[in-house]
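> Below is input-v1.tsv; it holds TSV, C-alpha atoms.
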chain	number	residue	atom	x	y	z
A	1	MET	CA	146.40	58.57	144.68
A	2	SER	CA	143.84	59.85	147.21
A	3	ASN	CA	140.07	59.77	146.70
A	4	LYS	CA	140.05	63.55	146.45
A	5	GLU	CA	142.47	63.40	143.57
A	6	LYS	CA	140.49	60.70	141.76
A	7	SER	CA	137.11	62.41	141.95
A	8	PRO	CA	137.84	65.24	139.47
A	9	ASN	CA	138.95	62.66	136.88
A	10	LYS	CA	135.75	60.70	137.37
A	11	LYS	CA	133.65	63.80	136.93
A	12	THR	CA	135.58	64.75	133.82
A	13	LYS	CA	135.14	61.27	132.37
A	14	LYS	CA	131.43	61.29	133.19
A	15	SER	CA	130.84	64.75	131.72
A	16	THR	CA	132.75	63.79	128.56
A	17	LYS	CA	130.61	60.71	128.15
A	18	LYS	CA	127.46	62.76	128.67
A	19	LYS	CA	128.62	65.25	126.04
A	20	GLU	CA	129.26	62.42	123.59
A	21	LEU	CA	125.79	60.99	124.20
A	22	ASN	CA	124.24	64.39	123.52
A	23	GLU	CA	126.08	64.95	120.25
A	24	LYS	CA	123.29	63.25	118.26
A	25	GLN	CA	120.65	65.26	120.12
A	26	ILE	CA	122.10	68.72	119.51
A	27	VAL	CA	120.20	69.33	116.27
A	28	ARG	CA	116.99	67.96	117.78
A	29	ARG	CA	117.31	70.28	120.78
A	30	LYS	CA	117.97	73.29	118.57
A	31	LEU	CA	114.98	72.33	116.43
A	32	LEU	CA	112.64	72.09	119.42
A	33	LYS	CA	113.93	75.41	120.71
A	34	ILE	CA	112.73	77.02	117.47
A	35	TYR	CA	109.60	74.87	117.12
A	36	PRO	CA	108.69	73.72	120.70
A	37	TYR	CA	105.22	72.59	119.61
A	38	LEU	CA	106.71	69.91	117.30
A	39	LYS	CA	107.79	67.75	120.23
A	40	ARG	CA	106.35	64.30	119.56
A	41	ASP	CA	104.66	63.74	122.90
A	42	LYS	CA	101.59	61.52	122.72
A	43	SER	CA	98.91	64.06	123.55
A	44	PHE	CA	100.39	67.34	122.27
A	45	SER	CA	101.24	68.42	125.83
A	46	ALA	CA	104.04	70.67	124.50
A	47	LEU	CA	101.59	72.37	122.14
A	48	ARG	CA	98.96	72.80	124.86
A	49	LYS	CA	101.55	74.36	127.16
A	50	PHE	CA	102.73	76.58	124.29
A	51	LEU	CA	99.19	77.81	123.57
A	52	LYS	CA	98.03	78.33	127.15
A	53	SER	CA	101.01	80.55	127.95
A	54	ARG	CA	100.21	82.72	124.95
A	55	ILE	CA	96.47	83.40	125.26
A	56	HIS	CA	96.01	87.14	124.71
A	57	LYS	CA	93.75	89.14	127.06
A	58	SER	CA	91.67	90.36	124.11
A	59	GLY	CA	91.36	86.84	122.74
A	60	GLY	CA	93.34	84.50	120.52
A	61	VAL	CA	96.90	83.21	120.73
A	62	GLN	CA	99.85	85.61	120.71
A	63	LEU	CA	103.35	84.86	119.46
A	64	LEU	CA	105.51	86.02	122.37
A	65	ASN	CA	109.01	85.13	121.19
A	66	SER	CA	110.22	88.64	120.33
A	67	LYS	CA	113.39	87.33	118.65
A	68	GLU	CA	111.41	85.04	116.38
A	69	VAL	CA	108.80	87.71	115.61
A	70	LYS	CA	111.57	90.17	114.73
A	71	GLN	CA	113.24	87.63	112.41
A	72	GLN	CA	109.97	86.73	110.71
A	73	ARG	CA	109.14	90.40	110.16
A	74	VAL	CA	112.48	90.93	108.43
A	75	TRP	CA	111.54	88.24	105.92
A	76	CYS	CA	107.95	89.49	105.61
A	77	TRP	CA	109.21	92.96	104.73
A	78	GLU	CA	111.48	91.39	102.11
A	79	VAL	CA	108.44	89.72	100.54
A	80	VAL	CA	106.53	93.03	100.59
A	81	LYS	CA	109.40	94.75	98.80
A	82	GLN	CA	109.57	92.04	96.14
A	83	VAL	CA	105.85	91.76	95.42
A	84	GLY	CA	104.90	95.37	96.10
A	85	LYS	CA	101.41	96.84	95.96
A	86	ASP	CA	99.69	93.60	94.87
A	87	PHE	CA	100.81	91.97	98.10
A	88	LEU	CA	99.38	94.72	100.27
A	89	GLU	CA	96.08	94.67	98.38
A	90	GLY	CA	95.34	91.02	99.13
A	91	LYS	CA	97.26	89.00	96.56
A	92	ASP	CA	96.86	85.22	97.03
A	93	LEU	CA	99.81	84.08	99.16
A	94	THR	CA	99.62	80.55	97.74
A	95	ARG	CA	101.02	81.97	94.49
A	96	ILE	CA	103.99	83.65	96.17
A	97	ALA	CA	107.27	81.87	96.88
A	98	LEU	CA	107.82	82.59	100.57
A	99	PRO	CA	111.26	82.40	102.27
A	100	VAL	CA	112.05	79.05	103.90
A	101	ARG	CA	112.76	80.93	107.16
A	102	LEU	CA	109.00	81.27	107.62
A	103	PHE	CA	108.45	77.49	107.48
A	104	GLU	CA	108.51	74.62	109.94
A	105	PRO	CA	109.96	71.18	109.03
A	106	ARG	CA	106.77	69.39	108.03
A	107	SER	CA	104.27	69.39	105.19
A	108	PHE	CA	100.74	70.76	105.45
A	109	LEU	CA	99.48	67.19	104.94
A	110	GLU	CA	101.14	66.21	108.21
A	111	ARG	CA	99.46	69.11	110.02
A	112	LEU	CA	96.14	68.23	108.37
A	113	ALA	CA	96.34	64.68	109.75
A	114	GLU	CA	97.18	65.96	113.24
A	115	GLY	CA	93.93	67.93	113.17
A	116	PHE	CA	92.10	64.57	113.38
A	117	ALA	CA	93.73	63.81	116.75
A	118	TYR	CA	90.41	63.70	118.64
A	119	SER	CA	88.87	61.02	116.39
A	120	PRO	CA	89.71	58.09	118.73
A	121	LEU	CA	87.86	59.90	121.51
A	122	TYR	CA	84.88	61.73	120.04
A	123	LEU	CA	84.14	59.76	116.87
A	124	GLU	CA	84.13	56.55	118.88
A	125	GLN	CA	81.71	58.12	121.36
A	126	ALA	CA	79.59	59.44	118.50
A	127	TYR	CA	79.45	56.00	116.89
A	128	LYS	CA	78.21	54.41	120.15
A	129	ALA	CA	75.64	57.15	120.88
A	130	THR	CA	72.01	56.15	120.27
A	131	ASP	CA	70.51	59.63	120.78
A	132	PRO	CA	70.92	61.80	117.61
A	133	VAL	CA	71.49	64.99	119.65
A	134	GLU	CA	74.17	63.30	121.75
A	135	ARG	CA	75.86	62.04	118.60
A	136	MET	CA	75.80	65.56	117.15
A	137	LYS	CA	77.50	66.89	120.28
A	138	ASN	CA	80.39	64.44	119.92
A	139	VAL	CA	80.76	65.13	116.21
A	140	VAL	CA	80.97	68.86	116.96
A	141	CYS	CA	83.59	68.19	119.66
A	142	PHE	CA	85.70	66.16	117.22
A	143	MET	CA	85.91	69.09	114.82
A	144	PHE	CA	86.00	71.96	117.34
A	145	ALA	CA	88.56	70.48	119.76
A	146	GLY	CA	91.05	70.00	116.92
A	147	LEU	CA	91.11	73.67	115.93
A	148	HIS	CA	93.86	74.63	118.37
A	149	LEU	CA	96.18	71.95	116.95
A	150	SER	CA	96.76	74.04	113.81
A	151	ILE	CA	98.02	77.16	115.62
A	152	THR	CA	101.80	77.46	115.45
A	153	ASN	CA	104.41	80.19	114.90
A	154	SER	CA	105.48	79.05	111.45
A	155	LYS	CA	103.75	77.67	108.39
A	156	PRO	CA	104.22	74.13	107.05
A	157	PHE	CA	105.51	73.48	103.54
A	158	ASN	CA	102.88	73.62	100.81
A	159	PRO	CA	102.41	70.05	99.53
A	160	ILE	CA	103.74	69.24	96.08
A	161	LEU	CA	101.17	68.06	93.52
A	162	GLY	CA	100.73	64.32	94.03
A	163	GLU	CA	102.34	64.36	97.49
A	164	THR	CA	100.83	61.92	100.01
A	165	TYR	CA	100.89	61.20	103.74
A	166	GLN	CA	99.74	58.15	105.68
A	167	CYS	CA	99.30	57.67	109.42
A	168	TYR	CA	97.19	55.77	111.94
A	169	PHE	CA	95.79	55.89	115.47
A	170	GLN	CA	96.09	53.18	118.13
A	171	ASN	CA	92.41	52.22	117.88
A	172	GLY	CA	92.91	51.13	114.27
A	173	THR	CA	91.87	54.34	112.52
A	174	GLN	CA	93.71	54.88	109.22
A	175	VAL	CA	94.36	58.30	107.63
A	176	PHE	CA	95.30	58.99	104.00
A	177	CYS	CA	96.06	62.46	102.59
A	178	GLU	CA	96.97	63.60	99.08
A	179	GLN	CA	97.60	66.91	97.32
A	180	THR	CA	95.28	66.74	94.32
A	181	SER	CA	95.71	70.25	92.88
A	182	HIS	CA	98.56	72.75	92.58
A	183	HIS	CA	96.65	75.97	91.78
A	184	PRO	CA	94.37	76.31	93.55
A	185	PRO	CA	96.04	74.20	96.26
A	186	VAL	CA	93.65	71.38	97.24
A	187	SER	CA	94.36	68.73	99.87
A	188	ALA	CA	92.15	65.62	99.92
A	189	PHE	CA	91.85	63.27	102.88
A	190	GLN	CA	90.14	60.10	104.07
A	191	LEU	CA	89.90	58.86	107.65
A	192	ILE	CA	88.62	55.29	108.06
A	193	GLY	CA	87.52	54.30	111.55
A	194	PRO	CA	88.02	50.84	113.08
A	195	ASN	CA	85.87	48.14	111.45
A	196	ASP	CA	84.67	50.78	108.95
A	197	ASN	CA	82.28	52.11	111.61
A	198	TYR	CA	82.67	55.61	110.18
A	199	THR	CA	84.49	57.43	107.40
A	200	TYR	CA	85.51	61.07	107.39
A	201	HIS	CA	86.48	62.34	103.96
A	202	GLY	CA	86.68	65.44	101.82
A	203	TYR	CA	89.04	68.10	100.55
A	204	GLY	CA	90.16	71.58	101.50
A	205	ASN	CA	90.87	74.45	99.13
A	206	TRP	CA	93.19	76.64	101.15
A	207	ALA	CA	93.71	80.30	100.31
A	208	ALA	CA	95.58	83.06	102.14
A	209	SER	CA	95.69	86.77	101.43
A	210	PHE	CA	97.65	89.63	102.95
A	211	ARG	CA	95.68	92.66	104.16
A	212	GLY	CA	98.04	95.39	105.29
A	213	ASN	CA	99.11	94.09	108.68
A	214	SER	CA	97.16	90.82	108.73
A	215	VAL	CA	96.73	87.55	106.87
A	216	ASN	CA	93.32	85.97	106.21
A	217	VAL	CA	93.21	82.22	105.65
A	218	SER	CA	90.08	80.61	104.21
A	219	GLN	CA	89.33	76.89	104.34
A	220	LYS	CA	86.71	76.11	101.72
A	221	GLY	CA	85.89	72.60	100.63
A	222	LYS	CA	83.89	69.51	101.47
A	223	TYR	CA	83.93	67.86	104.91
A	224	GLU	CA	81.70	64.82	105.31
A	225	LEU	CA	81.42	62.20	108.06
A	226	ASP	CA	79.50	58.99	107.31
A	227	PHE	CA	78.51	56.43	109.94
A	228	SER	CA	77.80	52.79	109.09
A	229	ASP	CA	74.13	53.22	110.06
A	230	GLY	CA	73.62	55.73	107.23
A	231	THR	CA	73.86	58.95	109.27
A	232	LYS	CA	75.76	61.65	107.39
A	233	TYR	CA	77.21	64.90	108.73
A	234	ILE	CA	78.40	67.77	106.56
A	235	TRP	CA	80.10	70.94	107.80
A	236	ASP	CA	82.46	73.73	106.82
A	237	ASN	CA	85.48	75.32	108.48
A	238	PRO	CA	85.94	78.78	110.00
A	239	ASN	CA	88.44	81.31	108.66
A	240	VAL	CA	91.71	82.13	110.37
A	241	ARG	CA	92.99	85.67	110.87
A	242	ILE	CA	96.56	86.50	111.90
A	243	ASN	CA	97.07	90.10	113.02
A	244	GLY	CA	100.37	91.87	113.65
A	245	ILE	CA	102.31	90.48	110.71
A	246	LEU	CA	104.47	93.60	110.32
A	247	ILE	CA	103.78	95.68	113.48
A	248	LYS	CA	102.09	95.35	116.90
A	249	ASP	CA	101.17	92.07	118.67
A	250	ARG	CA	101.10	88.90	116.55
A	251	ILE	CA	97.72	87.31	117.38
A	252	THR	CA	95.92	84.37	115.73
A	253	ASN	CA	92.17	83.83	115.93
A	254	TYR	CA	89.29	82.05	114.20
A	255	GLN	CA	86.46	83.99	112.58
A	256	GLY	CA	83.02	83.44	111.11
A	257	MET	CA	80.84	80.44	111.84
A	258	ILE	CA	80.57	76.66	111.40
A	259	LYS	CA	77.36	74.93	110.37
A	260	PHE	CA	76.76	71.18	110.80
A	261	THR	CA	73.86	69.29	109.19
A	262	ASP	CA	72.38	65.83	109.83
A	263	LYS	CA	69.49	65.55	107.39
A	264	LYS	CA	68.60	62.01	108.41
A	265	ASN	CA	67.66	63.16	111.92
A	266	ASP	CA	66.57	66.71	110.94
A	267	LEU	CA	69.36	68.23	113.03
A	268	GLY	CA	71.56	71.26	112.52
A	269	CYS	CA	74.19	73.03	114.58
A	270	VAL	CA	75.73	76.49	114.29
A	271	ILE	CA	78.75	77.84	116.16
A	272	PHE	CA	79.59	81.56	115.98
A	273	PHE	CA	83.15	82.71	116.66
A	274	ASP	CA	83.58	85.98	118.56
A	275	PRO	CA	79.77	86.32	118.89
A	276	ASP	CA	80.00	89.64	120.76
A	277	ALA	CA	82.09	91.35	118.07
A	278	LEU	CA	81.20	95.04	117.81
A	279	GLY	CA	82.17	95.70	114.22
A	280	PHE	CA	84.93	97.99	112.97
A	281	PHE	CA	83.55	101.43	113.91
A	282	LYS	CA	82.13	100.49	117.33
A	283	SER	CA	85.39	98.71	118.21
A	284	LEU	CA	87.22	102.06	117.84
A	285	ILE	CA	85.23	103.41	120.79
A	286	PHE	CA	84.09	100.38	122.82
A	287	SER	CA	85.66	97.07	123.77
A	288	SER	CA	83.92	93.69	123.58
A	289	SER	CA	82.68	92.13	126.82
A	290	THR	CA	84.17	88.74	125.91
A	291	PRO	CA	87.53	87.69	124.41
A	292	LYS	CA	87.60	87.07	120.66
A	293	HIS	CA	88.30	83.35	121.10
A	294	CYS	CA	84.89	82.75	122.71
A	295	VAL	CA	82.08	80.99	120.84
A	296	LYS	CA	78.32	80.60	121.07
A	297	GLY	CA	76.10	78.13	119.27
A	298	TYR	CA	72.95	76.03	119.09
A	299	ILE	CA	71.74	72.57	118.10
A	300	TYR	CA	68.30	72.77	116.50
A	301	ASN	CA	65.84	71.12	114.10
A	302	LEU	CA	66.70	71.88	110.48
A	303	SER	CA	63.01	72.13	109.63
A	304	LYS	CA	62.75	75.16	111.96
A	305	GLU	CA	65.88	76.90	110.69
A	306	LYS	CA	64.00	79.62	108.78
A	307	GLN	CA	62.65	81.05	112.05
A	308	LYS	CA	66.13	82.53	112.63
A	309	ASN	CA	65.50	82.85	116.38
A	310	TRP	CA	68.11	80.50	117.76
A	311	GLU	CA	66.97	80.67	121.39
A	312	ASP	CA	63.42	79.62	120.50
A	313	ILE	CA	64.37	76.63	118.33
A	314	SER	CA	67.42	75.51	120.30
A	315	LEU	CA	67.62	71.89	121.50
A	316	SER	CA	70.96	72.56	123.18
A	317	ASN	CA	72.88	75.79	123.88
A	318	ILE	CA	76.63	75.87	123.23
A	319	THR	CA	79.29	78.07	124.84
A	320	GLY	CA	83.06	77.86	125.06
A	321	ALA	CA	86.37	79.03	123.65
A	322	TRP	CA	88.46	77.34	120.98
A	323	VAL	CA	91.59	77.76	123.11
A	324	ASP	CA	90.13	76.04	126.15
A	325	HIS	CA	86.75	74.26	126.33
A	326	LEU	CA	83.30	73.54	124.87
A	327	THR	CA	80.06	73.10	126.81
A	328	PHE	CA	76.53	72.00	125.93
A	329	ASP	CA	73.86	73.30	128.32
A	330	GLU	CA	76.63	74.13	130.82
A	331	LYS	CA	77.99	70.56	130.75
A	332	VAL	CA	81.65	70.42	129.69
A	333	TYR	CA	82.26	68.03	126.80
A	334	TRP	CA	85.78	69.15	125.91
A	335	GLN	CA	88.45	70.63	128.17
A	336	ILE	CA	91.93	71.14	126.74
A	337	ASP	CA	93.74	69.62	129.77
A	338	THR	CA	91.22	66.87	130.50
A	339	ASN	CA	89.94	65.41	127.23
A	340	LEU	CA	93.27	64.70	125.57
A	341	PRO	CA	93.91	64.04	121.89
A	342	GLU	CA	96.14	61.31	120.50
A	343	ARG	CA	98.99	62.22	118.20
A	344	PRO	CA	98.76	60.13	115.00
A	345	HIS	CA	101.56	57.67	114.28
A	346	PRO	CA	103.26	57.90	110.85
A	347	SER	CA	102.75	54.67	108.91
A	348	LYS	CA	105.80	52.41	109.03
A	349	THR	CA	105.55	51.65	105.33
A	350	TYR	CA	104.74	54.35	102.81
A	351	ILE	CA	104.96	55.10	99.10
A	352	PRO	CA	107.66	57.28	97.43
A	353	SER	CA	105.32	60.29	97.22
A	354	ASP	CA	105.05	60.52	101.02
A	355	SER	CA	105.83	63.86	102.69
A	356	ARG	CA	108.64	62.29	104.70
A	357	TYR	CA	110.73	61.91	101.55
A	358	ARG	CA	110.77	65.66	100.87
A	359	LYS	CA	114.35	66.92	100.71
A	360	ASP	CA	113.49	70.47	101.84
A	361	ARG	CA	111.67	69.11	104.87
A	362	LYS	CA	114.64	66.92	105.81
A	363	ALA	CA	117.10	69.79	105.41
A	364	LEU	CA	115.01	72.13	107.55
A	365	ALA	CA	114.73	69.43	110.22
A	366	LYS	CA	118.53	69.60	110.41
A	367	ILE	CA	118.34	73.42	110.55
A	368	GLU	CA	120.19	73.68	107.26
A	369	TRP	CA	118.49	76.84	106.03
A	370	ASP	CA	120.35	77.32	102.75
A	371	GLN	CA	120.01	73.69	101.74
A	372	ALA	CA	116.30	73.70	102.64
A	373	ALA	CA	115.76	76.82	100.51
A	374	LYS	CA	117.59	75.22	97.58
A	375	MET	CA	115.56	71.98	97.86
A	376	LYS	CA	112.33	73.96	98.15
A	377	VAL	CA	113.01	75.80	94.88
A	378	GLU	CA	113.99	72.51	93.24
A	379	GLY	CA	110.73	70.89	94.31
A	380	GLU	CA	108.66	73.85	93.08
A	381	GLU	CA	110.37	73.79	89.67
A	382	LYS	CA	109.71	70.07	89.35
A	383	GLN	CA	106.07	70.66	90.25
A	384	ARG	CA	105.69	73.31	87.54
A	385	TYR	CA	107.20	70.94	84.99
A	386	ASP	CA	104.88	68.10	86.08
A	387	ARG	CA	101.91	70.43	85.83
A	388	LYS	CA	102.83	71.38	82.26
A	389	LEU	CA	103.06	67.70	81.35
A	390	ARG	CA	99.62	67.01	82.82
A	391	VAL	CA	98.11	69.93	80.89
A	392	GLN	CA	99.71	68.67	77.69
A	393	VAL	CA	98.43	65.12	78.26
A	394	ILE	CA	94.87	66.44	78.73
A	395	LYS	CA	95.16	68.49	75.54
A	396	ASP	CA	96.42	65.47	73.60
A	397	MET	CA	93.59	63.30	74.94
A	398	LYS	CA	90.98	65.87	73.90
A	399	LYS	CA	92.59	66.18	70.47
A	400	ASN	CA	92.57	62.41	69.96
A	401	ASN	CA	88.93	62.13	71.08
A	402	ASN	CA	87.93	64.75	68.54
Spit out the file's structure as structure tokens when you get a sec.

Amino acid sequence: MSNKEKSPNKKTKKSTKKKELNEKQIVRRKLLKIYPYLKRDKSFSALRKFLKSRIHKSGGVQLLNSKEVKQQRVWCWEVVKQVGKDFLEGKDLTRIALPVRLFEPRSFLERLAEGFAYSPLYLEQAYKATDPVERMKNVVCFMFAGLHLSITNSKPFNPILGETYQCYFQNGTQVFCEQTSHHPPVSAFQLIGPNDNYTYHGYGNWAASFRGNSVNVSQKGKYELDFSDGTKYIWDNPNVRINGILIKDRITNYQGMIKFTDKKNDLGCVIFFDPDALGFFKSLIFSSSTPKHCVKGYIYNLSKEKQKNWEDISLSNITGAWVDHLTFDEKVYWQIDTNLPERPHPSKTYIPSDSRYRKDRKALAKIEWDQAAKMKVEGEEKQRYDRKLRVQVIKDMKKNNN
């Protein structure tokens, strides 16, 4: 047989082998096609690429996949029909059973932990800083730089009461998360730095409400960072607004302000999101001079806070954009493509309540929509039953004490 006759057989054999090797990767490839930002690259490069290509000219991140938007809107309209007027008037979305088609294959606790991805960089720098203002800058960067890591097309599964998640970073940082309340949904967390140099801990009470064509997400709770030298930082989180749920462009942005306090060193910091916002009526006629994702802020002495004139009391002026960078006095401290985060590593050993055991999460990861929906309902029913048992136990304890 000639070489020319052999070559087609070789190619066929090679292509068959390649197809066989890819059989196990088919589901994974389909999954990443739907959720490209879930690719487990070390520094979230897939997510950064995903966000940068979707920055809207008016500000914020736009969902561009028209097919996905169309599919999500079909399910959103179904929810509107089921819930009716209460939904349109701002009913709490955490009390509504949403279709599994709107979810991504991970729990909110997993996303919460990924928001700490800049801790090996900025908290380590903050720990080593001897100047209180410099330490404040790095603490602010830790929180601010992680904001873009929570922006995705789909929502994660709401954690089941008692659900946990454990992970770690290469520098020795350990992270522990737990769902401590069902209604309202409260997620508690603790991040322990290497050698106990610092501890970041607290809880978030997450609420979401539908307002016509948008969803408002609030993040109230306690966020505290303690260093081993006794310095303590407390701050809050901004709100998230998603426009274009049913019609027009789907755009996500942060709103409001963040305030940091360091009482030991008499330092405060405020960051205002969309500082040049015109308000509802002016925005109908004029357009803002800066995109909505821009921020402005100041580091100042807490003792001078009542003066309310930020420029006069400022120790450092802050500018930037949560989708791109953050500067202090025109010096860049965070740049999305330069100062890279580290994706946390799931702990190799974990307890039975860990998010990775969730059946609905596993089914969705295999793109088994019907099975995921069935497992989701099953988990929610079990949670309701557990909650009733807890309430009954508390009642019995009170009765016995009396």
> Looking at A:Ile245, A:Ile26, A:Glu381, A:Ile160, which one is nearest to Leu102 in chain A, with distances taken over all atoms listed in the file?
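Nearest to Leu102 in chain A: A:Ile245.
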> For a test of reading the model, state the distance in Å between CA of Asp229 in chain A and CA of Asp262 in chain A, rounded to one decimal.
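Going from CA of Asp229 in chain A over to CA of Asp262 in chain A, I get 12.7 Å.
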> Let me make sure I understand: among A:Gly59, A:Pro291, A:Gly172, A:Pro105, which one has the smallest atom-to-atom distance to Ala372 in chain A if we use all atoms listed in the file?
A:Pro105
> Counting all atoms listed in the file, note down every residue that has an atom within 12 Å of the point (85.7, 64.8, 127.7) (file coordinates), as a ChimeraX atom specification.
/A:118,120-122,125,137-138,141-142,145,325-328,331-341
> Pick from A:Tyr37, A:Trp206, A:Trp77, A:Phe116: nearest to Leu93 in chain A, with only C-alpha atoms counted?
A:Trp206
> Pick from A:Val80, A:Leu149, A:Leu47, A:Leu31: nearest to Leu364 in chain A, with all atoms listed in the file counted?
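Of A:Val80, A:Leu149, A:Leu47, A:Leu31, the one nearest Leu364 in chain A is A:Leu31, counting all atoms listed in the file.
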> What is the CA of Arg101 in chain A to CA of Trp369 in chain A distance in Å?
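About the pair CA of Arg101 in chain A and CA of Trp369 in chain A: they are 7.1 Å apart.
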> At a cut-off of 9 Å, using all atoms listed in the file, what residues contact Gln170 in chain A? Leave out same-chain residues fewer than 2 positions from it and give the result as a VMD selection string.
chain A and resid 120 168 172 to 173 342 344 to 345
> Can you tell me how far CA of Ile55 in chain A sits from CA of Asp324 in chain A, in Å to one decimal?
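It comes out at 9.8 Å.
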> From the set A:Lys67, A:Lys296, A:Arg95, A:Arg54, which residue has the shortest atom-to-atom contact distance to Ile34 in chain A, counting only C-alpha atoms?
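Under the stated criterion, the closest residue is A:Lys67.
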> Using all atoms listed in the file, which of the listed residues (A:Asn402, A:Gln307, A:Gln383, A:Asn253) sits closest to Ser58 in chain A?
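Closest to Ser58 in chain A of all the choices is A:Asn253.
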> Produce the centre coordinates and the three edge lengths, each in Å to one decimal, of the box along x, y and z that contains all listed atoms of range 52-63 of chain A with 6 Å added on each side, as AutoDock Vina command-line options.

--center_x 97.4 --center_y 84.3 --center_z 123.7 --size_x 24.0 --size_y 24.0 --size_z 20.5
> Every residue with an atom at most 10 Å from (85.0, 78.4, 107.2) (file coordinates; only C-alpha atoms) is what I'm after, so could you write them as a ChimeraX atom specification?
/A:217-221,235-240,254-259
> Could you list, as an MDAnalysis selection string, every residue within 12 Å of Tyr385 in chain A, counting all atoms listed in the file and ignoring same-chain residues fewer than 6 positions away?
chainID A and resid 160:161 182 378:379 391:392
> As a PyMOL selection string, please: the residues near Leu51 in chain A (cut-off 10 Å, all atoms listed in the file, same-chain neighbours under 5 positions excluded).
chain A and resi 37+45-46+56+60-63+148-149+151-152+323-324
> Mind dumping the selected residues with C-alpha atoms as a PDB file, keeping the file's coordinate frame?

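Listing of result-v3.pdb after writing:
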ATOM      1  CA  TYR A  37     105.220  72.590 119.610  1.00  0.00           C
ATOM      2  CA  SER A  45     101.240  68.420 125.830  1.00  0.00           C
ATOM      3  CA  ALA A  46     104.040  70.670 124.500  1.00  0.00           C
ATOM      4  CA  HIS A  56      96.010  87.140 124.710  1.00  0.00           C
ATOM      5  CA  GLY A  60      93.340  84.500 120.520  1.00  0.00           C
ATOM      6  CA  VAL A  61      96.900  83.210 120.730  1.00  0.00           C
ATOM      7  CA  GLN A  62      99.850  85.610 120.710  1.00  0.00           C
ATOM      8  CA  LEU A  63     103.350  84.860 119.460  1.00  0.00           C
ATOM      9  CA  HIS A 148      93.860  74.630 118.370  1.00  0.00           C
ATOM     10  CA  LEU A 149      96.180  71.950 116.950  1.00  0.00           C
ATOM     11  CA  ILE A 151      98.020  77.160 115.620  1.00  0.00           C
ATOM     12  CA  THR A 152     101.800  77.460 115.450  1.00  0.00           C
ATOM     13  CA  VAL A 323      91.590  77.760 123.110  1.00  0.00           C
ATOM     14  CA  ASP A 324      90.130  76.040 126.150  1.00  0.00           C
TER      15      ASP A 324
END
> What's the 12 Å shell around Gly230 in chain A, counting only C-alpha atoms, without same-chain residues fewer than 2 positions away, as a list in words?
Tyr127, Asn197, Tyr198, Thr199, Leu225, Asp226, Phe227, Ser228, Lys232, Tyr233, Asp262, Lys263, Lys264 and Asn265 of chain A
